[in-house]
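Next comes start.txt, a file with compact mmCIF, C-alpha atoms.
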```
# COMPACT_ATOMS: atom_id res chain seq x y z
CA MET V 19 -15.85 28.94 6.47
CA ALA V 20 -12.26 28.54 7.58
CA THR V 21 -11.09 26.24 4.84
CA THR V 22 -11.72 28.71 2.02
CA LEU V 23 -9.93 31.85 3.16
CA ALA V 24 -7.05 31.66 0.69
CA ARG V 25 -6.64 34.58 -1.71
CA PRO V 26 -7.06 35.22 -4.53
CA ARG V 27 -10.31 33.25 -4.71
CA ALA V 28 -11.02 31.83 -8.14
CA LEU V 29 -14.10 30.03 -6.91
CA THR V 30 -16.60 31.23 -4.37
CA PRO V 31 -18.34 28.76 -2.04
CA GLY V 32 -21.20 28.62 -4.54
CA THR V 33 -19.14 27.80 -7.61
CA PRO V 34 -19.65 24.38 -9.21
CA GLY V 35 -15.89 23.83 -9.51
CA ASN V 36 -15.44 24.38 -5.79
CA PRO V 37 -15.31 21.02 -3.98
CA GLN V 38 -17.34 22.55 -1.14
CA ASN V 39 -20.43 23.19 -3.25
CA PRO V 40 -20.21 22.14 -6.89
CA GLU V 41 -23.94 22.33 -7.46
CA ALA V 42 -24.81 26.03 -7.14
CA PRO V 43 -24.68 27.61 -10.62
CA VAL V 44 -22.46 30.53 -11.50
CA PRO V 45 -23.06 31.87 -15.01
CA ALA V 46 -20.16 31.97 -17.44
CA PRO V 47 -19.44 35.13 -19.42
CA ALA V 48 -21.74 35.38 -22.41
CA HIS V 49 -18.88 35.37 -24.94
CA LYS V 50 -17.46 32.07 -23.71
CA ALA V 51 -18.04 28.87 -25.68
CA PHE V 52 -19.12 25.65 -24.01
CA PRO V 53 -20.22 27.32 -20.76
CA ALA V 54 -20.62 23.98 -18.94
CA LEU V 55 -16.89 23.32 -19.33
CA ARG V 56 -16.16 26.44 -17.30
CA HIS V 57 -17.23 24.60 -14.18
CA LEU V 58 -15.19 21.45 -14.93
CA GLY V 59 -12.36 21.58 -12.40
CA PRO V 60 -9.43 19.18 -11.95
CA ASN V 61 -11.31 17.55 -9.05
CA TRP V 62 -13.32 15.61 -11.66
CA TYR V 63 -10.32 13.35 -12.25
CA ALA V 64 -11.11 11.83 -8.85
CA SER V 65 -14.05 10.04 -10.49
CA VAL V 66 -11.66 8.32 -12.90
CA MET V 67 -9.33 7.35 -10.04
CA GLY V 68 -12.21 6.00 -8.02
CA THR V 69 -13.50 3.92 -10.92
CA ALA V 70 -10.11 2.52 -11.92
CA ILE V 71 -9.27 1.43 -8.37
CA VAL V 72 -12.42 -0.69 -8.24
CA ALA V 73 -11.10 -2.74 -11.16
CA ASN V 74 -7.53 -2.89 -9.86
CA ALA V 75 -8.51 -3.78 -6.30
CA GLY V 76 -11.07 -6.34 -7.43
CA ALA V 77 -8.45 -8.15 -9.48
CA ALA V 78 -5.99 -8.11 -6.57
CA LEU V 79 -8.33 -9.70 -4.04
CA PRO V 80 -7.18 -13.07 -2.65
CA TYR V 81 -10.72 -14.38 -3.13
CA GLN V 82 -12.09 -14.47 -6.68
CA LEU V 83 -15.75 -15.19 -7.44
CA PRO V 84 -17.11 -16.44 -10.78
CA GLY V 85 -17.44 -13.50 -13.15
CA GLN V 86 -15.40 -11.20 -10.92
CA ARG V 87 -12.60 -10.71 -13.43
CA ALA V 88 -15.06 -9.96 -16.21
CA ALA V 89 -16.69 -7.36 -13.99
CA CYS V 90 -13.27 -5.84 -13.32
CA GLN V 91 -12.60 -5.69 -17.05
CA PHE V 92 -15.87 -3.81 -17.59
CA VAL V 93 -15.07 -1.31 -14.84
CA TRP V 94 -11.56 -0.80 -16.22
CA ALA V 95 -13.00 -0.11 -19.69
CA LEU V 96 -15.40 2.36 -18.11
CA SER V 97 -12.53 4.15 -16.36
CA ALA V 98 -10.50 4.29 -19.57
CA ALA V 99 -13.44 5.78 -21.47
CA ALA V 100 -14.07 8.28 -18.68
CA LEU V 101 -10.39 9.28 -18.74
CA LEU V 102 -10.43 9.94 -22.49
CA LEU V 103 -13.67 11.92 -22.24
CA LEU V 104 -12.40 13.96 -19.30
CA LEU V 105 -9.05 14.69 -20.93
CA ALA V 106 -10.89 16.06 -23.96
CA ALA V 107 -13.25 18.10 -21.79
CA ARG V 108 -10.40 19.52 -19.71
CA ALA V 109 -8.58 20.45 -22.92
CA GLY V 110 -11.71 22.36 -23.92
CA HIS V 111 -11.73 23.99 -20.50
CA TRP V 112 -8.18 25.30 -21.02
CA LEU V 113 -8.92 26.31 -24.61
CA HIS V 114 -12.19 28.17 -24.06
CA HIS V 115 -11.96 29.21 -20.40
CA ARG V 116 -8.27 29.87 -19.89
CA ASP V 117 -8.96 32.63 -17.39
CA GLN V 118 -10.80 30.18 -15.13
CA ALA V 119 -8.14 27.51 -15.59
CA ARG V 120 -5.44 29.93 -14.50
CA ALA V 121 -7.58 31.09 -11.62
CA HIS V 122 -7.81 27.46 -10.44
CA LEU V 123 -4.03 27.34 -10.11
CA LEU V 124 -4.10 30.46 -7.94
CA ASP V 125 -6.84 29.10 -5.70
CA ALA V 126 -5.50 27.20 -2.70
CA ALA V 127 -8.76 25.23 -2.49
CA VAL V 128 -8.54 23.95 -6.08
CA ALA V 129 -4.85 23.78 -7.08
CA PRO V 130 -4.11 20.59 -5.09
CA PHE V 131 -6.64 18.72 -7.23
CA TYR V 132 -4.20 18.88 -10.13
CA GLY V 133 -2.57 15.89 -8.47
CA CYS V 134 -5.66 13.91 -9.46
CA LEU V 135 -4.71 14.14 -13.15
CA ALA V 136 -1.49 12.23 -12.58
CA MET V 137 -3.17 9.63 -10.39
CA ALA V 138 -5.97 9.10 -12.91
CA LEU V 139 -3.42 8.38 -15.65
CA LEU V 140 -1.49 6.02 -13.39
CA ALA V 141 -4.55 4.16 -12.10
CA VAL V 142 -5.98 3.55 -15.57
CA GLY V 143 -2.54 2.56 -16.85
CA ALA V 144 -2.14 0.01 -14.07
CA GLY V 145 -5.60 -1.38 -14.79
CA THR V 146 -4.64 -1.75 -18.44
CA LEU V 147 -1.87 -4.15 -17.48
CA ILE V 148 -3.78 -5.87 -14.67
CA VAL V 149 -7.09 -6.63 -16.41
CA GLY V 150 -7.12 -4.70 -19.68
CA LYS V 151 -4.60 -7.07 -21.22
CA ASP V 152 -7.33 -9.71 -21.34
CA LEU V 153 -9.23 -7.49 -23.77
CA ILE V 154 -6.55 -5.77 -25.85
CA GLY V 155 -3.66 -8.22 -25.59
CA GLU V 156 -0.53 -8.01 -23.49
CA PRO V 157 1.74 -6.16 -25.98
CA ALA V 158 -0.81 -3.36 -26.39
CA ALA V 159 -1.43 -3.28 -22.64
CA VAL V 160 2.29 -2.96 -21.89
CA ALA V 161 2.65 -0.15 -24.42
CA ALA V 162 -0.41 1.71 -23.10
CA ASP V 163 0.69 1.35 -19.48
CA ALA V 164 4.21 2.52 -20.34
CA VAL V 165 2.81 5.69 -21.91
CA LEU V 166 0.34 6.39 -19.10
CA PHE V 167 2.92 5.60 -16.43
CA THR V 168 5.47 7.94 -18.01
CA PHE V 169 3.08 10.86 -18.40
CA GLY V 170 1.46 10.25 -15.03
CA THR V 171 4.80 10.10 -13.25
CA VAL V 172 6.14 13.24 -14.89
CA ILE V 173 2.94 15.18 -14.19
CA GLY V 174 2.86 13.84 -10.63
CA LEU V 175 6.42 14.91 -9.87
CA VAL V 176 5.85 18.34 -11.40
CA THR V 177 2.65 18.77 -9.42
CA ALA V 178 4.33 17.63 -6.20
CA VAL V 179 6.73 20.57 -6.60
CA ALA V 180 4.55 23.17 -8.32
CA VAL V 181 1.53 23.09 -5.99
CA PRO V 182 3.55 23.47 -2.75
CA TYR V 183 5.52 26.23 -4.50
CA LEU V 184 2.30 28.08 -5.30
CA MET V 185 1.11 27.54 -1.73
CA VAL V 186 4.25 29.26 -0.47
CA VAL V 187 4.64 32.15 -2.91
CA ARG V 188 1.16 32.86 -4.35
CA HIS V 189 -1.58 31.47 -2.12
CA ARG V 190 -2.50 33.23 1.10
CA ILE V 191 -3.00 30.44 3.61
CA GLU V 192 -3.63 30.32 7.34
CA ALA V 193 -3.24 27.36 9.68
CA ALA V 194 -7.04 26.96 9.86
CA ASP V 195 -7.16 26.48 6.08
CA ALA V 196 -5.46 23.07 6.21
CA THR V 197 -7.49 20.17 4.81
CA PRO V 198 -6.60 16.65 3.64
CA VAL V 199 -6.93 17.99 0.07
CA TRP V 200 -3.39 19.33 0.52
CA LEU V 201 -2.14 15.74 0.40
CA LEU V 202 -3.34 15.14 -3.18
CA PRO V 203 -0.29 16.46 -5.09
CA LEU V 204 2.04 14.70 -2.64
CA VAL V 205 0.45 11.25 -3.08
CA ALA V 206 0.92 11.12 -6.86
CA PRO V 207 4.59 9.95 -6.69
CA MET V 208 3.49 7.20 -4.28
CA VAL V 209 1.00 5.96 -6.86
CA SER V 210 3.85 5.81 -9.37
CA ALA V 211 5.87 3.79 -6.85
CA ALA V 212 2.95 1.38 -6.43
CA VAL V 213 2.16 0.78 -10.11
CA GLY V 214 5.69 1.04 -11.53
CA PRO V 215 6.57 -2.54 -10.48
CA LEU V 216 4.01 -3.84 -12.99
CA LEU V 217 6.37 -2.79 -15.77
CA VAL V 218 9.57 -4.22 -14.27
CA PRO V 219 9.13 -7.77 -15.69
CA HIS V 220 8.63 -6.29 -19.17
CA LEU V 221 11.97 -4.48 -19.18
CA PRO V 222 15.30 -6.04 -20.21
CA ALA V 223 17.05 -7.78 -17.33
CA GLY V 224 19.83 -5.83 -15.68
CA GLN V 225 20.21 -2.07 -15.51
CA ALA V 226 16.76 -1.18 -16.83
CA ARG V 227 14.88 -3.25 -14.25
CA GLU V 228 17.06 -2.15 -11.37
CA ALA V 229 16.77 1.51 -12.38
CA LEU V 230 12.98 1.39 -12.43
CA LEU V 231 12.86 -0.51 -9.14
CA LEU V 232 15.08 2.00 -7.34
CA ALA V 233 13.30 4.94 -9.00
CA CYS V 234 10.05 3.63 -7.52
CA TYR V 235 11.65 3.41 -4.09
CA ALA V 236 12.90 6.99 -4.52
CA MET V 237 9.36 8.15 -5.32
CA PHE V 238 8.10 6.15 -2.35
CA GLY V 239 10.45 8.09 -0.11
CA THR V 240 9.63 11.42 -1.74
CA SER V 241 5.92 11.03 -1.18
CA LEU V 242 6.22 9.47 2.28
CA LEU V 243 8.43 12.20 3.72
CA ALA V 244 6.34 14.95 2.14
CA THR V 245 3.21 13.38 3.63
CA LEU V 246 4.84 13.22 7.05
CA LEU V 247 5.42 16.97 6.81
CA MET V 248 1.86 17.78 5.76
CA LEU V 249 -0.22 15.35 7.81
CA PRO V 250 0.51 16.98 11.21
CA LEU V 251 -0.82 20.28 9.83
CA VAL V 252 -4.07 18.59 8.84
CA PHE V 253 -4.54 16.87 12.19
CA ALA V 254 -3.61 20.00 14.12
CA ARG V 255 -6.28 21.92 12.21
CA LEU V 256 -8.89 19.33 13.19
CA VAL V 257 -8.12 19.37 16.90
CA THR V 258 -7.75 23.15 17.14
CA ALA V 259 -10.41 24.44 14.73
CA GLY V 260 -12.97 21.63 14.96
CA PRO V 261 -14.62 19.48 12.29
CA LEU V 262 -14.40 20.31 8.61
CA PRO V 263 -17.40 21.89 6.84
CA LEU V 264 -19.99 19.22 6.05
CA LEU V 265 -19.29 18.91 2.33
CA LEU V 266 -15.55 18.62 2.98
CA THR V 267 -15.94 15.83 5.55
CA PRO V 268 -15.41 13.01 2.99
CA THR V 269 -11.95 14.43 2.28
CA LEU V 270 -10.84 13.01 5.62
CA PHE V 271 -10.59 9.70 3.79
CA LEU V 272 -7.83 11.18 1.61
CA VAL V 273 -5.43 10.54 4.47
CA LEU V 274 -5.84 6.83 3.73
CA GLY V 275 -4.31 7.41 0.28
CA PRO V 276 -0.63 7.70 1.24
CA LEU V 277 -1.06 5.06 3.95
CA GLY V 278 -2.70 2.39 1.80
CA GLN V 279 -0.72 3.28 -1.31
CA SER V 280 2.61 3.12 0.48
CA THR V 281 1.69 -0.31 1.88
CA THR V 282 0.74 -1.38 -1.64
CA ALA V 283 3.97 0.02 -3.04
CA VAL V 284 6.33 -1.85 -0.70
CA ASN V 285 4.51 -5.12 -1.36
CA GLN V 286 4.44 -4.65 -5.12
CA LEU V 287 8.11 -3.72 -5.14
CA ALA V 288 8.97 -6.74 -3.00
CA ASP V 289 7.21 -8.97 -5.56
CA VAL V 290 9.52 -7.89 -8.38
CA ALA V 291 12.70 -7.21 -6.40
CA PRO V 292 14.16 -10.69 -7.13
CA LEU V 293 13.84 -9.91 -10.86
CA ALA V 294 15.64 -6.59 -10.61
CA ILE V 295 18.20 -6.69 -7.82
CA GLY V 296 20.37 -9.38 -6.29
CA SER V 297 20.69 -10.61 -2.75
CA PRO V 298 20.84 -9.60 -0.01
CA TYR V 299 18.70 -6.66 -1.10
CA ALA V 300 15.82 -8.64 -2.59
CA GLY V 301 15.27 -10.55 0.65
CA ALA V 302 15.60 -7.41 2.73
CA LEU V 303 13.02 -5.62 0.61
CA GLY V 304 10.63 -8.52 1.09
CA ALA V 305 11.03 -8.25 4.85
CA PHE V 306 10.63 -4.47 4.68
CA ALA V 307 7.26 -4.90 2.98
CA VAL V 308 5.90 -6.66 6.07
CA VAL V 309 7.77 -4.66 8.70
CA TYR V 310 6.57 -1.39 7.17
CA GLY V 311 3.19 -2.45 5.85
CA VAL V 312 1.65 -3.98 8.98
CA PRO V 313 1.97 -0.95 11.32
CA VAL V 314 1.07 1.54 8.58
CA LEU V 315 -2.04 -0.41 7.64
CA GLY V 316 -2.90 -0.54 11.34
CA PHE V 317 -2.76 3.24 11.51
CA ALA V 318 -4.84 3.41 8.33
CA LEU V 319 -7.57 1.39 10.03
CA LEU V 320 -7.43 3.75 13.02
CA TRP V 321 -7.86 6.75 10.72
CA LEU V 322 -10.59 4.94 8.80
CA ALA V 323 -12.58 4.56 12.00
CA LEU V 324 -12.11 8.24 12.86
CA ALA V 325 -13.06 9.39 9.36
CA ALA V 326 -16.09 7.10 9.30
CA ALA V 327 -17.30 8.50 12.63
CA MET V 328 -16.93 12.06 11.30
CA LEU V 329 -18.76 11.06 8.12
CA VAL V 330 -21.70 9.67 10.11
CA ARG V 331 -21.78 12.89 12.12
CA ALA V 332 -21.84 14.98 8.92
CA ALA V 333 -24.55 12.81 7.38
CA ARG V 334 -26.74 13.22 10.46
CA ALA V 335 -26.18 16.97 10.23
CA GLY V 336 -27.54 17.03 6.66
CA MET V 337 -24.46 16.63 4.44
CA GLY V 338 -25.55 16.66 0.81
CA PHE V 339 -23.83 15.29 -2.27
CA ALA V 340 -20.69 16.92 -3.64
CA MET V 341 -17.82 15.68 -5.76
CA THR V 342 -15.90 15.26 -2.51
CA TRP V 343 -17.79 11.98 -2.12
CA TRP V 344 -15.26 10.48 -4.56
CA ALA V 345 -12.73 10.76 -1.73
CA LEU V 346 -14.47 7.69 -0.30
CA THR V 347 -13.27 5.53 -3.21
CA PHE V 348 -9.62 5.68 -4.28
CA PRO V 349 -8.09 5.97 -0.78
CA VAL V 350 -10.11 2.99 0.48
CA GLY V 351 -9.09 1.09 -2.65
CA THR V 352 -5.41 1.60 -1.82
CA CYS V 353 -6.06 -0.04 1.55
CA VAL V 354 -7.64 -2.99 -0.27
CA THR V 355 -4.53 -3.50 -2.42
CA GLY V 356 -2.30 -2.93 0.61
CA ALA V 357 -4.10 -5.59 2.64
CA ALA V 358 -4.03 -7.97 -0.33
CA GLY V 359 -0.28 -7.46 -0.62
CA LEU V 360 0.23 -8.26 3.05
CA ALA V 361 -1.92 -11.36 2.63
CA ARG V 362 0.45 -12.53 -0.10
CA HIS V 363 3.61 -11.94 1.91
CA THR V 364 2.43 -13.12 5.33
CA GLY V 365 0.03 -15.86 4.33
CA LEU V 366 -2.40 -14.64 7.02
CA THR V 367 -6.06 -15.23 6.28
CA ALA V 368 -6.88 -12.19 8.41
CA PHE V 369 -5.39 -9.86 5.82
CA ALA V 370 -7.30 -11.62 3.04
CA TRP V 371 -10.57 -11.14 4.92
CA LEU V 372 -9.65 -7.52 5.65
CA ALA V 373 -9.06 -6.90 1.94
CA ALA V 374 -12.44 -8.42 1.11
CA ALA V 375 -14.25 -6.35 3.75
CA LEU V 376 -12.59 -3.13 2.59
CA PHE V 377 -13.45 -3.96 -1.02
CA ALA V 378 -17.11 -4.33 -0.10
CA ALA V 379 -16.98 -0.84 1.44
CA LEU V 380 -15.18 0.47 -1.65
CA LEU V 381 -17.80 -0.99 -3.97
CA ALA V 382 -20.65 0.54 -1.97
CA ALA V 383 -18.96 3.96 -1.94
CA TRP V 384 -18.27 3.80 -5.67
CA LEU V 385 -21.85 2.91 -6.54
CA LEU V 386 -23.12 5.73 -4.36
CA ALA V 387 -20.75 8.36 -5.74
CA ALA V 388 -21.25 7.24 -9.35
CA ALA V 389 -25.04 7.25 -9.08
CA HIS V 390 -25.16 10.76 -7.59
CA THR V 391 -22.64 12.04 -10.14
CA LEU V 392 -24.65 10.72 -13.07
CA ARG V 393 -27.79 12.19 -11.59
CA GLY V 394 -26.07 15.55 -11.12
CA LEU V 395 -24.86 15.55 -14.72
CA LEU V 396 -28.25 14.62 -16.15
CA THR V 397 -30.05 17.30 -14.13
CA GLY V 398 -27.40 19.93 -14.84
CA ARG V 399 -26.69 20.53 -11.15
CA LEU V 400 -22.99 19.66 -11.40
CA LEU V 401 -22.20 21.33 -14.73
CA PRO V 402 -24.78 24.07 -15.36
CA ARG V 403 -25.20 24.92 -19.02
```
Render the structure in this file as structure tokens.
Amino acid sequence: MATTLARPRALTPGTPGNPQNPEAPVPAPAHKAFPALRHLGPNWYASVMGTAIVANAGAALPYQLPGQRAACQFVWALSAAALLLLLAARAGHWLHHRDQARAHLLDAAVAPFYGCLAMALLAVGAGTLIVGKDLIGEPAAVAADAVLFTFGTVIGLVTAVAVPYLMVVRHRIEAADATPVWLLPLVAPMVSAAVGPLLVPHLPAGQAREALLLACYAMFGTSLLATLLMLPLVFARLVTAGPLPLLLTPTLFLVLGPLGQSTTAVNQLADVAPLAIGSPYAGALGAFAVVYGVPVLGFALLWLALAAAMLVRAARAGMGFAMTWWALTFPVGTCVTGAAGLARHTGLTAFAWLAAALFAALLAAWLLAAAHTLRGLLTGRLLPR
């Protein structure tokens, strides 16, 4: 299996923490406490990301149905509860299974998933300010988002440097090992760039607002350029080595993450630019949102069609459930918010309908992934005891 040749291997293809097959049990050492936590890898944060984006994207849709906002509030609360539970469980993982946690960092197949921690914090934080404020009040929502944004951004920037560093100096990687999973630590700063504008109106006018605005643009550039370096490696692997293993096929949708999130970021930043920076820059940034967002979203739709075709092929070949199915949620959600942003700035009904259609696909994918995850937890297939 070409995508798992990196050494040293912390997880074999049958290990529950391995995104290729998280269901086959591997017993923990007898002296270890909480054996189920041993199999809880950083890839589980993808479930929090995928849940939070449903709430955020649903609230951003140009079309709002009766009860839709209340449903988004419920999903946000669910994502916040899942984040707290997972943070506690991952703390237990590091406390009681430190050898496995360190092994994850040295495993090229698992280390990139540490980017999911930052994105989970950022996504839930954004949801707190978008819909959570209706439940906890705006002052508490602003404070919570500020904390989650700060920690998520710091962790995301550290991960964006640390994981590529480990790939260079510690992991043993070949060209055929490239998968879209490599993009995960690089997308985290783009998520910060997309959700940071929510805090701009709550900062004092002047230097503070402008600093955050330009910092978000800096993170936009950091993530975009890093993605442009990595994406050709992923595509080259596909055309030279063939399709990914069946259980890794959903990770093809991860490519949509930097595309949809960058489109979301430029539109969100354009919304608050007049509050933070004077002309002519504010107007130019508004134009940039459309000039950049339209072609990038067009490429995202092209990749979505390709990934969907590969997913159908894998399903027909017998692809079973794995935690990689959560890759079908957050990346698609970023395309929903990107299309909604373009609908705001262009006034085109076509983008509004596109956002609604993508949200329907997101909702279906989330329900499917969530149902199978709950079933796997209840049966003990995902986290053997």
> Which residue, V:Tyr310, V:Trp384, V:Trp200, V:Phe52, has the smallest gap to Leu113 in chain V when you use all atoms listed in the file?
Replying inline: V:Phe52
Compile a residue-level contact table for range 49-121 of chain V against range 358-375 of chain V at a cut-off of 12 Å, reporting for every qualifying residue the shortest atom pair and its distance in Å to one decimal, with all atoms listed in the file counted, rows ordered by chain and ascending number, as JSON lines.
```
{"residue": "V:Asn74", "atom": "CA", "partner": "V:Ala358", "partner_atom": "CA", "distance": 11.4}
{"residue": "V:Ala75", "atom": "CA", "partner": "V:Ala358", "partner_atom": "CA", "distance": 8.6}
{"residue": "V:Gly76", "atom": "CA", "partner": "V:Ala374", "partner_atom": "CA", "distance": 8.9}
{"residue": "V:Ala77", "atom": "CA", "partner": "V:Ala358", "partner_atom": "CA", "distance": 10.2}
{"residue": "V:Ala78", "atom": "CA", "partner": "V:Ala358", "partner_atom": "CA", "distance": 6.5}
{"residue": "V:Leu79", "atom": "CA", "partner": "V:Ala358", "partner_atom": "CA", "distance": 5.9}
{"residue": "V:Pro80", "atom": "CA", "partner": "V:Ala370", "partner_atom": "CA", "distance": 5.9}
{"residue": "V:Tyr81", "atom": "CA", "partner": "V:Ala374", "partner_atom": "CA", "distance": 7.5}
{"residue": "V:Gln82", "atom": "CA", "partner": "V:Ala374", "partner_atom": "CA", "distance": 9.9}
{"residue": "V:Leu83", "atom": "CA", "partner": "V:Ala374", "partner_atom": "CA", "distance": 11.4}
```
Residue subset to file, keeping C-alpha atoms, as an mmCIF file, in the frame of the given file:
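What landed in selection.cif:
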```
data_model
loop_
_atom_site.group_PDB
_atom_site.id
_atom_site.type_symbol
_atom_site.label_atom_id
_atom_site.label_comp_id
_atom_site.auth_asym_id
_atom_site.auth_seq_id
_atom_site.Cartn_x
_atom_site.Cartn_y
_atom_site.Cartn_z
ATOM 1 C CA ASN V 74 -7.530 -2.890 -9.860
ATOM 2 C CA ALA V 75 -8.510 -3.780 -6.300
ATOM 3 C CA GLY V 76 -11.070 -6.340 -7.430
ATOM 4 C CA ALA V 77 -8.450 -8.150 -9.480
ATOM 5 C CA ALA V 78 -5.990 -8.110 -6.570
ATOM 6 C CA LEU V 79 -8.330 -9.700 -4.040
ATOM 7 C CA PRO V 80 -7.180 -13.070 -2.650
ATOM 8 C CA TYR V 81 -10.720 -14.380 -3.130
ATOM 9 C CA GLN V 82 -12.090 -14.470 -6.680
ATOM 10 C CA LEU V 83 -15.750 -15.190 -7.440
#
```
>> I'd like the neighbourhood of Val186 in chain V as a PyMOL selection string, where a residue qualifies if any of its atoms comes within 12 Å (using only C-alpha atoms), though same-chain residues fewer than 6 positions away should be ignored.
In response: chain V and resi 24+124+126+179-180+192
>> List the spatial neighbours of Leu231 in chain V as number ranges by chain - criterion: any atom at most 12 Å away, all atoms listed in the file, same-chain residues fewer than 3 positions off excluded.
In response: V: 210-219, 221, 223-228, 234-238, 283-284, 286-296, 299-300, 303
> Once you count all atoms listed in the file, which residues end up no further than 12 Å from (-16.3, -9.5, -15.1) in the file's frame, shown as a VMD selection string?
Replying inline: chain V and resid 72 to 73 76 to 77 82 to 95 149 to 150 152 to 153
> Could you work out how far CA of His57 in chain V lies from CA of Gly398 in chain V, giving the answer in Å with one decimal?
Replying inline: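 CA of His57 in chain V lies 11.2 Å from CA of Gly398 in chain V.
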What would range 63-76 of chain V look like with N, CA and C atoms in place, written as a tab-separated table (two decimals), keeping the file's coordinate frame?
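selection23.tsv, freshly written:
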```
chain	number	residue	atom	x	y	z
V	63	TYR	N	-11.16	14.52	-12.02
V	63	TYR	CA	-10.32	13.35	-12.25
V	63	TYR	C	-10.44	12.33	-11.12
V	64	ALA	N	-10.93	12.76	-9.96
V	64	ALA	CA	-11.11	11.83	-8.85
V	64	ALA	C	-12.12	10.74	-9.21
V	65	SER	N	-13.08	11.05	-10.08
V	65	SER	CA	-14.05	10.04	-10.49
V	65	SER	C	-13.39	8.94	-11.32
V	66	VAL	N	-12.40	9.31	-12.12
V	66	VAL	CA	-11.66	8.32	-12.90
V	66	VAL	C	-10.81	7.46	-11.97
V	67	MET	N	-10.13	8.09	-11.02
V	67	MET	CA	-9.33	7.35	-10.04
V	67	MET	C	-10.19	6.36	-9.27
V	68	GLY	N	-11.34	6.84	-8.81
V	68	GLY	CA	-12.21	6.00	-8.02
V	68	GLY	C	-12.78	4.83	-8.79
V	69	THR	N	-12.99	5.02	-10.09
V	69	THR	CA	-13.50	3.92	-10.92
V	69	THR	C	-12.40	2.92	-11.23
V	70	ALA	N	-11.22	3.42	-11.57
V	70	ALA	CA	-10.11	2.52	-11.92
V	70	ALA	C	-9.70	1.66	-10.73
V	71	ILE	N	-9.72	2.22	-9.52
V	71	ILE	CA	-9.27	1.43	-8.37
V	71	ILE	C	-10.22	0.29	-8.05
V	72	VAL	N	-11.49	0.41	-8.43
V	72	VAL	CA	-12.42	-0.69	-8.24
V	72	VAL	C	-11.97	-1.90	-9.05
V	73	ALA	N	-11.57	-1.65	-10.31
V	73	ALA	CA	-11.10	-2.74	-11.16
V	73	ALA	C	-9.79	-3.31	-10.64
V	74	ASN	N	-8.86	-2.44	-10.30
V	74	ASN	CA	-7.53	-2.89	-9.86
V	74	ASN	C	-7.61	-3.66	-8.55
V	75	ALA	N	-8.39	-3.13	-7.60
V	75	ALA	CA	-8.51	-3.78	-6.30
V	75	ALA	C	-9.27	-5.10	-6.42
V	76	GLY	N	-10.30	-5.11	-7.25
V	76	GLY	CA	-11.07	-6.34	-7.43
V	76	GLY	C	-10.23	-7.46	-7.99
```
